[in-house]
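S.K.: Just one file: data.cif, with mmCIF, C-alpha atoms and all ligand atoms.
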```cif
data_work
loop_
_atom_site.group_PDB
_atom_site.id
_atom_site.type_symbol
_atom_site.label_atom_id
_atom_site.label_comp_id
_atom_site.auth_asym_id
_atom_site.auth_seq_id
_atom_site.Cartn_x
_atom_site.Cartn_y
_atom_site.Cartn_z
ATOM 1 C CA MET A 13 123.821 67.752 112.299
ATOM 2 C CA LYS A 14 123.709 64.996 114.893
ATOM 3 C CA ASN A 15 121.093 62.297 114.677
ATOM 4 C CA GLU A 16 119.635 62.494 118.151
ATOM 5 C CA ILE A 17 116.545 61.463 120.067
ATOM 6 C CA LEU A 18 115.486 64.582 121.967
ATOM 7 C CA GLY A 19 113.630 62.895 124.837
ATOM 8 C CA ILE A 20 109.875 62.387 124.862
ATOM 9 C CA HIS A 21 107.767 64.052 122.141
ATOM 10 C CA HIS A 22 104.252 63.045 123.250
ATOM 11 C CA ILE A 23 102.298 60.360 125.056
ATOM 12 C CA THR A 24 98.968 59.025 123.799
ATOM 13 C CA ALA A 25 96.406 57.380 126.067
ATOM 14 C CA ILE A 26 92.832 56.106 125.993
ATOM 15 C CA ALA A 27 89.997 57.733 127.910
ATOM 16 C CA GLY A 28 86.293 57.053 128.410
ATOM 17 C CA ASN A 29 83.997 60.083 128.513
ATOM 18 C CA ALA A 30 85.294 62.986 126.394
ATOM 19 C CA LYS A 31 83.863 65.808 128.496
ATOM 20 C CA LYS A 32 85.235 64.356 131.755
ATOM 21 C CA ASN A 33 88.639 64.072 130.125
ATOM 22 C CA TYR A 34 88.493 67.630 128.778
ATOM 23 C CA ASP A 35 87.386 69.057 132.151
ATOM 24 C CA PHE A 36 90.029 67.161 134.098
ATOM 25 C CA TYR A 37 93.018 68.137 131.980
ATOM 26 C CA THR A 38 92.098 71.748 131.241
ATOM 27 C CA ARG A 39 90.580 72.657 134.601
ATOM 28 C CA VAL A 40 91.952 70.364 137.332
ATOM 29 C CA LEU A 41 95.467 69.959 135.889
ATOM 30 C CA GLY A 42 95.479 73.313 134.085
ATOM 31 C CA LEU A 43 96.893 72.144 130.756
ATOM 32 C CA ARG A 44 96.127 73.926 127.517
ATOM 33 C CA LEU A 45 94.023 72.136 124.910
ATOM 34 C CA VAL A 46 96.333 72.818 121.956
ATOM 35 C CA LYS A 47 94.455 70.810 119.342
ATOM 36 C CA LYS A 48 90.941 69.450 119.048
ATOM 37 C CA THR A 49 90.784 67.044 116.143
ATOM 38 C CA VAL A 50 89.508 63.538 115.402
ATOM 39 C CA ASN A 51 91.049 60.091 115.311
ATOM 40 C CA PHE A 52 92.333 59.900 111.730
ATOM 41 C CA ASP A 53 91.259 56.229 111.586
ATOM 42 C CA ASP A 54 87.877 56.813 113.289
ATOM 43 C CA PRO A 55 86.651 60.377 112.582
ATOM 44 C CA ASN A 56 83.619 60.101 114.883
ATOM 45 C CA THR A 57 85.997 60.017 117.857
ATOM 46 C CA TYR A 58 87.922 63.009 119.176
ATOM 47 C CA HIS A 59 91.667 63.255 119.424
ATOM 48 C CA PHE A 60 92.616 65.785 122.106
ATOM 49 C CA TYR A 61 96.115 67.208 122.481
ATOM 50 C CA TYR A 62 96.987 68.912 125.773
ATOM 51 C CA GLY A 63 100.242 70.748 126.410
ATOM 52 C CA ASP A 64 101.915 74.022 127.227
ATOM 53 C CA GLU A 65 101.110 77.286 125.428
ATOM 54 C CA HIS A 66 102.737 76.209 122.140
ATOM 55 C CA GLY A 67 102.213 72.481 122.488
ATOM 56 C CA ASN A 68 105.963 72.041 122.663
ATOM 57 C CA PRO A 69 107.306 68.503 122.300
ATOM 58 C CA GLY A 70 107.890 67.118 125.787
ATOM 59 C CA SER A 71 104.630 68.621 127.062
ATOM 60 C CA ILE A 72 102.095 66.927 124.783
ATOM 61 C CA LEU A 73 99.634 64.422 126.207
ATOM 62 C CA THR A 74 96.997 63.171 123.779
ATOM 63 C CA PHE A 75 93.807 61.157 124.259
ATOM 64 C CA PHE A 76 91.358 59.145 122.250
ATOM 65 C CA PRO A 77 88.129 59.287 124.290
ATOM 66 C CA TRP A 78 85.919 56.261 123.601
ATOM 67 C CA GLU A 79 82.630 56.519 125.481
ATOM 68 C CA GLY A 80 81.784 53.301 127.304
ATOM 69 C CA ILE A 81 85.194 51.642 126.924
ATOM 70 C CA GLY A 82 85.947 49.480 129.963
ATOM 71 C CA ALA A 83 88.841 50.059 132.311
ATOM 72 C CA GLY A 84 92.281 48.850 131.314
ATOM 73 C CA ARG A 85 94.715 47.207 133.722
ATOM 74 C CA ARG A 86 98.301 48.214 134.329
ATOM 75 C CA GLY A 87 100.858 45.484 133.703
ATOM 76 C CA THR A 88 103.893 44.572 131.680
ATOM 77 C CA ARG A 89 104.452 45.647 128.092
ATOM 78 C CA GLN A 90 103.036 49.084 128.946
ATOM 79 C CA VAL A 91 103.876 52.627 129.889
ATOM 80 C CA THR A 92 102.389 52.532 133.387
ATOM 81 C CA GLU A 93 103.134 56.014 134.759
ATOM 82 C CA ILE A 94 103.404 59.502 133.292
ATOM 83 C CA GLY A 95 105.556 61.938 135.246
ATOM 84 C CA TYR A 96 105.175 65.722 135.082
ATOM 85 C CA SER A 97 107.728 68.173 136.384
ATOM 86 C CA VAL A 98 106.302 70.779 138.802
ATOM 87 C CA PRO A 99 107.993 73.694 140.630
ATOM 88 C CA ALA A 100 109.842 73.103 143.908
ATOM 89 C CA GLY A 101 107.492 73.497 146.860
ATOM 90 C CA SER A 102 104.299 73.057 144.803
ATOM 91 C CA LEU A 103 103.220 69.604 146.002
ATOM 92 C CA ASP A 104 101.242 70.967 148.955
ATOM 93 C CA PHE A 105 99.176 73.020 146.511
ATOM 94 C CA TRP A 106 98.630 69.969 144.307
ATOM 95 C CA GLN A 107 97.679 67.715 147.185
ATOM 96 C CA LYS A 108 95.021 70.214 148.258
ATOM 97 C CA ARG A 109 93.793 70.673 144.684
ATOM 98 C CA LEU A 110 93.490 66.927 144.061
ATOM 99 C CA GLU A 111 91.706 66.504 147.399
ATOM 100 C CA GLU A 112 89.201 69.279 146.556
ATOM 101 C CA ASN A 113 88.457 67.700 143.192
ATOM 102 C CA ASN A 114 87.945 64.195 144.588
ATOM 103 C CA VAL A 115 90.975 62.824 142.760
ATOM 104 C CA ILE A 116 92.510 59.580 144.053
ATOM 105 C CA TYR A 117 96.094 60.303 145.149
ATOM 106 C CA ASN A 118 98.871 59.183 147.472
ATOM 107 C CA LYS A 119 100.654 61.475 149.901
ATOM 108 C CA PRO A 120 104.035 62.794 148.660
ATOM 109 C CA ALA A 121 106.970 60.387 148.800
ATOM 110 C CA VAL A 122 110.613 60.461 147.653
ATOM 111 C CA LYS A 123 112.193 58.556 144.759
ATOM 112 C CA PHE A 124 115.730 59.035 143.412
ATOM 113 C CA GLY A 125 116.049 61.939 145.848
ATOM 114 C CA GLU A 126 113.053 63.813 144.411
ATOM 115 C CA ARG A 127 109.708 64.502 146.103
ATOM 116 C CA TYR A 128 106.692 63.327 144.108
ATOM 117 C CA LEU A 129 102.969 62.779 144.410
ATOM 118 C CA THR A 130 100.980 60.050 142.613
ATOM 119 C CA PHE A 131 97.392 60.413 141.390
ATOM 120 C CA LEU A 132 94.898 58.784 139.014
ATOM 121 C CA ASP A 133 92.918 60.570 136.312
ATOM 122 C CA PRO A 134 89.128 59.903 135.941
ATOM 123 C CA ASP A 135 89.844 56.737 133.925
ATOM 124 C CA GLY A 136 92.549 55.409 136.262
ATOM 125 C CA LEU A 137 95.581 56.584 134.281
ATOM 126 C CA LYS A 138 98.482 56.949 136.723
ATOM 127 C CA PHE A 139 100.514 60.148 137.070
ATOM 128 C CA GLU A 140 103.331 61.507 139.161
ATOM 129 C CA LEU A 141 104.052 65.157 139.851
ATOM 130 C CA THR A 142 107.759 65.504 140.633
ATOM 131 C CA GLU A 143 109.614 68.429 142.165
ATOM 132 C CA ALA A 144 112.672 67.963 139.963
ATOM 133 C CA GLN A 145 116.119 68.504 141.483
ATOM 134 C CA THR A 146 117.382 70.279 138.395
ATOM 135 C CA PRO A 147 115.463 73.561 137.993
ATOM 136 C CA ASP A 148 112.990 73.377 135.130
ATOM 137 C CA SER A 149 112.989 76.516 132.989
ATOM 138 C CA ARG A 150 110.438 75.348 130.434
ATOM 139 C CA PRO A 151 107.578 77.833 129.950
ATOM 140 C CA GLN A 152 104.323 77.058 131.752
ATOM 141 C CA TRP A 153 100.716 77.503 130.719
ATOM 142 C CA GLU A 154 98.848 79.429 133.405
ATOM 143 C CA THR A 155 95.165 79.401 134.252
ATOM 144 C CA ALA A 156 93.265 81.524 136.773
ATOM 145 C CA ALA A 157 93.548 78.703 139.331
ATOM 146 C CA ILE A 158 97.036 77.404 138.489
ATOM 147 C CA THR A 159 99.767 80.017 138.178
ATOM 148 C CA LYS A 160 103.526 79.767 137.582
ATOM 149 C CA ALA A 161 104.264 78.861 141.193
ATOM 150 C CA HIS A 162 102.441 75.553 140.668
ATOM 151 C CA ALA A 163 101.843 74.872 136.956
ATOM 152 C CA THR A 164 103.382 71.846 135.250
ATOM 153 C CA HIS A 165 106.502 72.262 133.094
ATOM 154 C CA GLY A 166 105.903 69.291 130.806
ATOM 155 C CA PHE A 167 107.086 65.730 131.258
ATOM 156 C CA HIS A 168 109.620 64.642 133.846
ATOM 157 C CA HIS A 169 109.700 60.932 133.010
ATOM 158 C CA ILE A 170 107.714 57.924 131.913
ATOM 159 C CA THR A 171 107.736 54.502 133.528
ATOM 160 C CA ILE A 172 107.630 51.315 131.500
ATOM 161 C CA THR A 173 106.771 48.058 133.275
ATOM 162 C CA THR A 174 108.544 45.163 131.632
ATOM 163 C CA ASN A 175 109.414 41.517 132.084
ATOM 164 C CA LYS A 176 112.120 41.880 129.426
ATOM 165 C CA MET A 177 114.301 44.523 131.031
ATOM 166 C CA GLU A 178 117.423 43.781 128.989
ATOM 167 C CA ALA A 179 115.649 43.845 125.635
ATOM 168 C CA THR A 180 113.910 47.163 126.321
ATOM 169 C CA ALA A 181 117.071 48.656 127.844
ATOM 170 C CA ALA A 182 119.045 47.623 124.751
ATOM 171 C CA ILE A 183 116.769 49.706 122.501
ATOM 172 C CA LEU A 184 117.033 52.697 124.838
ATOM 173 C CA THR A 185 120.815 52.571 125.123
ATOM 174 C CA GLY A 186 121.776 50.981 121.798
ATOM 175 C CA VAL A 187 119.497 52.973 119.486
ATOM 176 C CA LEU A 188 117.819 55.910 121.225
ATOM 177 C CA GLY A 189 120.917 57.294 122.981
ATOM 178 C CA TYR A 190 119.881 56.809 126.614
ATOM 179 C CA ARG A 191 122.244 55.674 129.404
ATOM 180 C CA LEU A 192 121.575 53.991 132.730
ATOM 181 C CA LEU A 193 121.653 56.649 135.449
ATOM 182 C CA THR A 194 120.865 54.660 138.579
ATOM 183 C CA THR A 195 118.819 51.783 139.974
ATOM 184 C CA GLU A 196 116.606 51.599 143.101
ATOM 185 C CA VAL A 197 115.255 48.121 143.879
ATOM 186 C CA ASN A 198 113.579 47.002 140.613
ATOM 187 C CA ARG A 199 113.430 50.481 139.024
ATOM 188 C CA SER A 200 116.236 51.509 136.652
ATOM 189 C CA ARG A 201 116.397 55.113 135.526
ATOM 190 C CA PHE A 202 117.640 55.840 132.001
ATOM 191 C CA ILE A 203 118.395 59.342 130.804
ATOM 192 C CA THR A 204 119.454 61.049 127.593
ATOM 193 C CA ASP A 205 121.943 63.917 127.660
ATOM 194 C CA ALA A 206 120.590 65.284 124.367
ATOM 195 C CA VAL A 207 118.003 67.423 126.192
ATOM 196 C CA ALA A 208 117.666 68.923 129.668
ATOM 197 C CA HIS A 209 114.028 67.905 130.286
ATOM 198 C CA ALA A 210 111.565 65.141 129.370
ATOM 199 C CA ALA A 211 114.780 63.128 129.237
ATOM 200 C CA ILE A 212 114.029 60.218 131.614
ATOM 201 C CA VAL A 213 112.667 56.726 131.039
ATOM 202 C CA ASP A 214 112.285 54.434 134.049
ATOM 203 C CA LEU A 215 112.130 50.684 133.515
ATOM 204 C CA VAL A 216 110.463 48.699 136.267
ATOM 205 C CA GLU A 217 111.219 45.011 136.104
ATOM 206 C CA ALA A 218 108.198 42.957 137.185
ATOM 207 C CA PRO A 219 108.780 39.313 136.209
ATOM 208 C CA GLY A 220 105.679 37.974 137.968
ATOM 209 C CA GLU A 221 103.330 40.664 136.673
ATOM 210 C CA THR A 222 100.703 39.852 134.046
ATOM 211 C CA ILE A 223 100.551 41.611 130.700
ATOM 212 C CA GLY A 224 98.654 44.896 130.913
ATOM 213 C CA HIS A 225 95.225 45.222 129.300
ATOM 214 C CA LEU A 226 94.887 48.161 126.925
ATOM 215 C CA ALA A 227 91.591 50.050 127.442
ATOM 216 C CA GLY A 228 90.375 53.127 129.342
ATOM 217 C CA GLY A 229 93.106 54.702 131.458
ATOM 218 C CA SER A 230 95.919 53.001 129.521
ATOM 219 C CA VAL A 231 98.790 54.512 127.590
ATOM 220 C CA HIS A 232 98.571 53.511 123.936
ATOM 221 C CA HIS A 233 102.089 54.568 122.950
ATOM 222 C CA VAL A 234 104.958 56.890 123.748
ATOM 223 C CA ALA A 235 106.581 59.011 121.055
ATOM 224 C CA PHE A 236 110.247 59.994 121.135
ATOM 225 C CA ARG A 237 111.252 63.288 119.609
ATOM 226 C CA VAL A 238 113.457 63.965 116.595
ATOM 227 C CA LYS A 239 114.240 67.298 115.003
ATOM 228 C CA ASP A 240 113.109 66.623 111.441
ATOM 229 C CA GLU A 241 112.243 64.049 108.810
ATOM 230 C CA ALA A 242 115.860 63.315 107.856
ATOM 231 C CA THR A 243 116.563 62.315 111.452
ATOM 232 C CA LEU A 244 113.357 60.299 111.520
ATOM 233 C CA MET A 245 114.511 58.277 108.517
ATOM 234 C CA TYR A 246 117.987 57.818 110.020
ATOM 235 C CA PHE A 247 116.390 56.123 113.028
ATOM 236 C CA ARG A 248 114.088 54.114 110.771
ATOM 237 C CA ASP A 249 117.220 52.573 109.211
ATOM 238 C CA GLN A 250 118.629 51.758 112.653
ATOM 239 C CA ILE A 251 115.438 49.926 113.670
ATOM 240 C CA VAL A 252 115.292 48.047 110.361
ATOM 241 C CA LYS A 253 118.908 46.920 110.871
ATOM 242 C CA LEU A 254 117.852 45.287 114.146
ATOM 243 C CA GLY A 255 115.314 43.218 112.246
ATOM 244 C CA LEU A 256 112.315 44.905 113.896
ATOM 245 C CA ASN A 257 109.171 45.865 112.015
ATOM 246 C CA ILE A 258 108.618 49.597 111.619
ATOM 247 C CA THR A 259 106.007 51.538 109.655
ATOM 248 C CA GLU A 260 106.637 53.847 106.743
ATOM 249 C CA LYS A 261 106.696 57.574 107.489
ATOM 250 C CA ILE A 262 103.177 58.757 108.378
ATOM 251 C CA ASP A 263 101.903 62.336 108.091
ATOM 252 C CA ARG A 264 100.068 63.160 111.328
ATOM 253 C CA ASN A 265 99.384 66.773 110.185
ATOM 254 C CA TYR A 266 101.225 68.242 113.209
ATOM 255 C CA PHE A 267 104.293 65.983 112.956
ATOM 256 C CA TYR A 268 105.671 63.111 110.885
ATOM 257 C CA SER A 269 106.021 59.790 112.593
ATOM 258 C CA LEU A 270 107.009 56.132 112.544
ATOM 259 C CA TYR A 271 105.817 53.336 114.821
ATOM 260 C CA PHE A 272 107.552 50.192 115.979
ATOM 261 C CA ARG A 273 107.042 47.757 118.839
ATOM 262 C CA GLU A 274 110.139 47.445 121.009
ATOM 263 C CA PRO A 275 111.117 43.887 122.021
ATOM 264 C CA GLY A 276 109.578 44.354 125.492
ATOM 265 C CA GLY A 277 106.192 44.870 123.834
ATOM 266 C CA VAL A 278 105.642 48.634 124.177
ATOM 267 C CA LEU A 279 104.542 50.585 121.106
ATOM 268 C CA PHE A 280 107.146 53.280 120.426
ATOM 269 C CA GLU A 281 106.694 56.138 117.989
ATOM 270 C CA LEU A 282 109.297 58.555 116.668
ATOM 271 C CA ALA A 283 107.882 62.003 115.883
ATOM 272 C CA THR A 284 109.304 65.197 114.376
ATOM 273 C CA ASP A 285 109.261 68.756 115.713
ATOM 274 C CA ASN A 286 107.917 69.997 112.391
ATOM 275 C CA PRO A 287 105.459 71.316 111.402
ATOM 276 C CA GLY A 288 103.864 71.834 114.850
ATOM 277 C CA PHE A 289 100.410 72.878 116.022
ATOM 278 C CA THR A 290 100.291 76.364 114.517
ATOM 279 C CA ILE A 291 100.145 74.913 111.002
ATOM 280 C CA ASP A 292 96.344 75.215 110.938
ATOM 281 C CA GLU A 293 95.484 77.625 113.805
ATOM 282 C CA PRO A 294 97.181 80.777 115.128
ATOM 283 C CA LEU A 295 98.895 80.430 118.511
ATOM 284 C CA GLU A 296 96.210 82.424 120.379
ATOM 285 C CA GLU A 297 93.452 80.174 119.019
ATOM 286 C CA LEU A 298 95.079 76.752 119.480
ATOM 287 C CA GLY A 299 92.489 74.167 120.479
ATOM 288 C CA SER A 300 89.483 76.430 119.998
ATOM 289 C CA HIS A 301 88.337 75.039 116.626
ATOM 290 C CA LEU A 302 87.558 71.485 115.582
ATOM 291 C CA LYS A 303 90.321 70.764 113.071
ATOM 292 C CA LEU A 304 89.638 67.983 110.581
ATOM 293 C CA PRO A 305 92.157 66.400 108.237
ATOM 294 C CA ALA A 306 91.401 67.220 104.576
ATOM 295 C CA GLN A 307 89.838 63.837 103.813
ATOM 296 C CA TYR A 308 87.044 64.423 106.369
ATOM 297 C CA GLU A 309 86.358 68.109 105.756
ATOM 298 C CA SER A 310 83.417 67.349 103.442
ATOM 299 C CA ASN A 311 81.751 65.405 106.300
ATOM 300 C CA ARG A 312 82.228 68.186 108.870
ATOM 301 C CA THR A 313 78.516 68.732 109.632
ATOM 302 C CA ILE A 314 77.887 65.031 110.205
ATOM 303 C CA ILE A 315 81.030 64.619 112.320
ATOM 304 C CA GLU A 316 80.215 67.678 114.439
ATOM 305 C CA GLY A 317 76.749 66.226 115.049
ATOM 306 C CA ILE A 318 78.169 62.921 116.308
ATOM 307 C CA LEU A 319 81.062 64.153 118.487
ATOM 308 C CA PRO A 320 80.122 64.690 122.166
ATOM 309 C CA LYS A 321 79.566 68.272 123.353
ATOM 310 C CA LEU A 322 82.273 69.590 125.681
ATOM 311 C CA ASP A 323 80.495 72.556 127.301
HETATM 312 ZN ZN ZN B 401 101.505 59.373 118.769
#
```
Would you mind giving the structure from this file in structure tokens?
Ligand code: ZN
M.R.:
Amino acid sequence: MKNEILGIHHITAIAGNAKKNYDFYTRVLGLRLVKKTVNFDDPNTYHFYYGDEHGNPGSILTFFPWEGIGAGRRGTRQVTEIGYSVPAGSLDFWQKRLEENNVIYNKPAVKFGERYLTFLDPDGLKFELTEAQTPDSRPQWETAAITKAHATHGFHHITITTNKMEATAAILTGVLGYRLLTTEVNRSRFITDAVAHAAIVDLVEAPGETIGHLAGGSVHHVAFRVKDEATLMYFRDQIVKLGLNITEKIDRNYFYSLYFREPGGVLFELATDNPGFTIDEPLEELGSHLKLPAQYESNRTIIEGILPKLD
């Protein structure tokens, strides 16, 4: 079996108010809450996972909502944009929907030959909805308001803002199997051929830009996808050989992972497909129960009393 990075696995960001975050992603964007759990290091804080019906890798966006956290600031050493793929012709629908829900957005524009629309979530996290040139066959999660003609297909790309373009690019191309596709002005698009979707990483070189401030509305890390634990450990060896620090394998209940900081300063994670979100809830019930890791189960009543109400 080939040792491959299969594009993006998930993206984790920081939010403020939990209920606002939950309402925005499930109702306005129409994602499925596939897991409601807590921060394993801070069990009085939620950890929300949003995605498609199954929570497939490449569709998973996760949040730690910390009430009262101040706003972050986009800058270098950060993932500064999250791109979703949407069906061709759907941007008019999205523009109207964002307008109706008082979301800050920009009118559609074109980048690398693809039409896209930019918006900010309630905490200022920046998104793009892109009508991808290559048809996206990934299954969609439908809601009453957002049907297949408009629903997101999972990630299209992420953008990293860097003042160390070569160092970050070297990790992408030298270790993770990406190649440079094309460059427009200061934006270079890297792609992996290992998967058809969630395969793009854009690097924006911004030498004069200040370092981003991590807080509300910021991406905490991006996770790249591997098939299984053997592949995870193969890539761990590759990172160690470069002399970079990388964690031991960590059990995140729904996947196994490793973390390392790439030389441009962005926290990268590698995460496995196994075991997935149905390990502790049936598919039909994903996200409908508060799932606690075993070490906190005895404190369930206290934790449930502290966590904010979502309805
Ligand atoms: Zn993660």
S.K.: Kindly provide, as a list in words, all nucleotide and amino acid residues lying within 7 Å of ligand ZN 401 (chain B), counting only C-alpha atoms and all ligand atoms.
M.R.: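 With only C-alpha atoms and all ligand atoms and a cut-off of 7 Å, ligand ZN 401 (chain B) is contacted by His22, Ile23, Thr24, His233, Val234, Ala235 and Glu281 of chain A.
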S.K.: Using the chain letters and numbers from this file, what does the PyMOL selection byres (((chain A and resi 54-70) around 7) and not hetatm) select? Give the answer as an NGL selection string.
M.R.: :A and (20-22 or 43-53 or 71-78 or 152-153 or 166-167 or 210 or 285 or 289 or 295 or 315 or 318-319)
S.K.: If the box runs along x, y and z of the file and leaves 3 Å on each side of segment 21-28 of chain A, what are its centre and edge lengths in Å, one decimal, as JSON?
M.R.:
```
{"center_x": 97.0, "center_y": 60.1, "center_z": 125.3, "size_x": 27.5, "size_y": 13.9, "size_z": 12.3}
```
S.K.: For this structure, which residues satisfy the selection - the PyMOL selection byres (((chain A and resi 18) around 12) and not hetatm) - when it is evaluated on the file as given? I want them as a PyMOL selection string.
M.R.: chain A and resi 14-17+19-22+69-70+188-190+203-212+235-240+243-244+282-285
S.K.: For the file shown, report as a ChimeraX atom specification the outcome of the PyMOL selection byres (((chain A and resi 98) around 12) and not hetatm) at residue level.
M.R.: /A:41,95-97,99-106,126-129,140-153,158-169,209
S.K.: For Asn114 of chain A, find every residue with an atom within 12 Å (counting all atoms listed in the file), except residues of its own chain fewer than 6 positions away, and show them as a VMD selection string.
M.R.: chain A and resid 36 40 107 to 108 131 to 134
S.K.: Mind pulling up the distance from atom CA of Gln250 of chain A to atom CA of Val187 of chain A?
M.R.: 7.0 Å
S.K.: When distances are computed from all atoms listed in the file, which of A:Leu226, A:Ile258, A:Val216, A:Leu193 shows the smallest separation from Thr174 of chain A?
M.R.: A:Val216
S.K.: Do you know which residues are at most 8 Å from Lys31 of chain A counting only C-alpha atoms, after dropping those on the same chain fewer than 2 positions away, and could you put them as an MDAnalysis selection string?
M.R.: chainID A and resid 29 33:35 320:323
S.K.: Distance atom CA of Tyr117 of chain A-atom CA of Leu137 of chain A, one decimal place?
M.R.: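 If I compute the distance from atom CA of Tyr117 of chain A to atom CA of Leu137 of chain A, I get 11.5 Å.
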S.K.: How far is it from atom CA of Leu254 of chain A to atom CA of Thr171 of chain A, in Å with one decimal?
M.R.: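 Atom-to-atom, atom CA of Leu254 of chain A and atom CA of Thr171 of chain A are spaced 23.7 Å apart.
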S.K.: Could you name the residues that touch Glu274 of chain A at 12 Å or less, counting only C-alpha atoms, but leaving out those on the same chain fewer than 2 positions away, as a PyMOL selection string?
M.R.: chain A and resi 89-90+172+174+176-184+187-188+233-234+251-252+254-258+271-272+276-282
S.K.: Nearest to Lys138 of chain A: which of A:Asn118, A:Ser269, A:Thr259, A:Thr222 is it, counting only C-alpha atoms?
M.R.: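 Using only C-alpha atoms, the shortest distance to Lys138 of chain A belongs to A:Asn118.
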S.K.: Find, counting only C-alpha atoms, the residue in A:Ala27, A:Gly42, A:Gly82, A:Lys303 that gets nearest to Thr155 of chain A.
M.R.: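 Of all the options, A:Gly42 lies closest to Thr155 of chain A.
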S.K.: Excluding same-chain residues fewer than 4 positions from His225 of chain A, what lies within 8 Å of it counting only C-alpha atoms, as a ChimeraX atom specification?
M.R.: /A:84-87,230
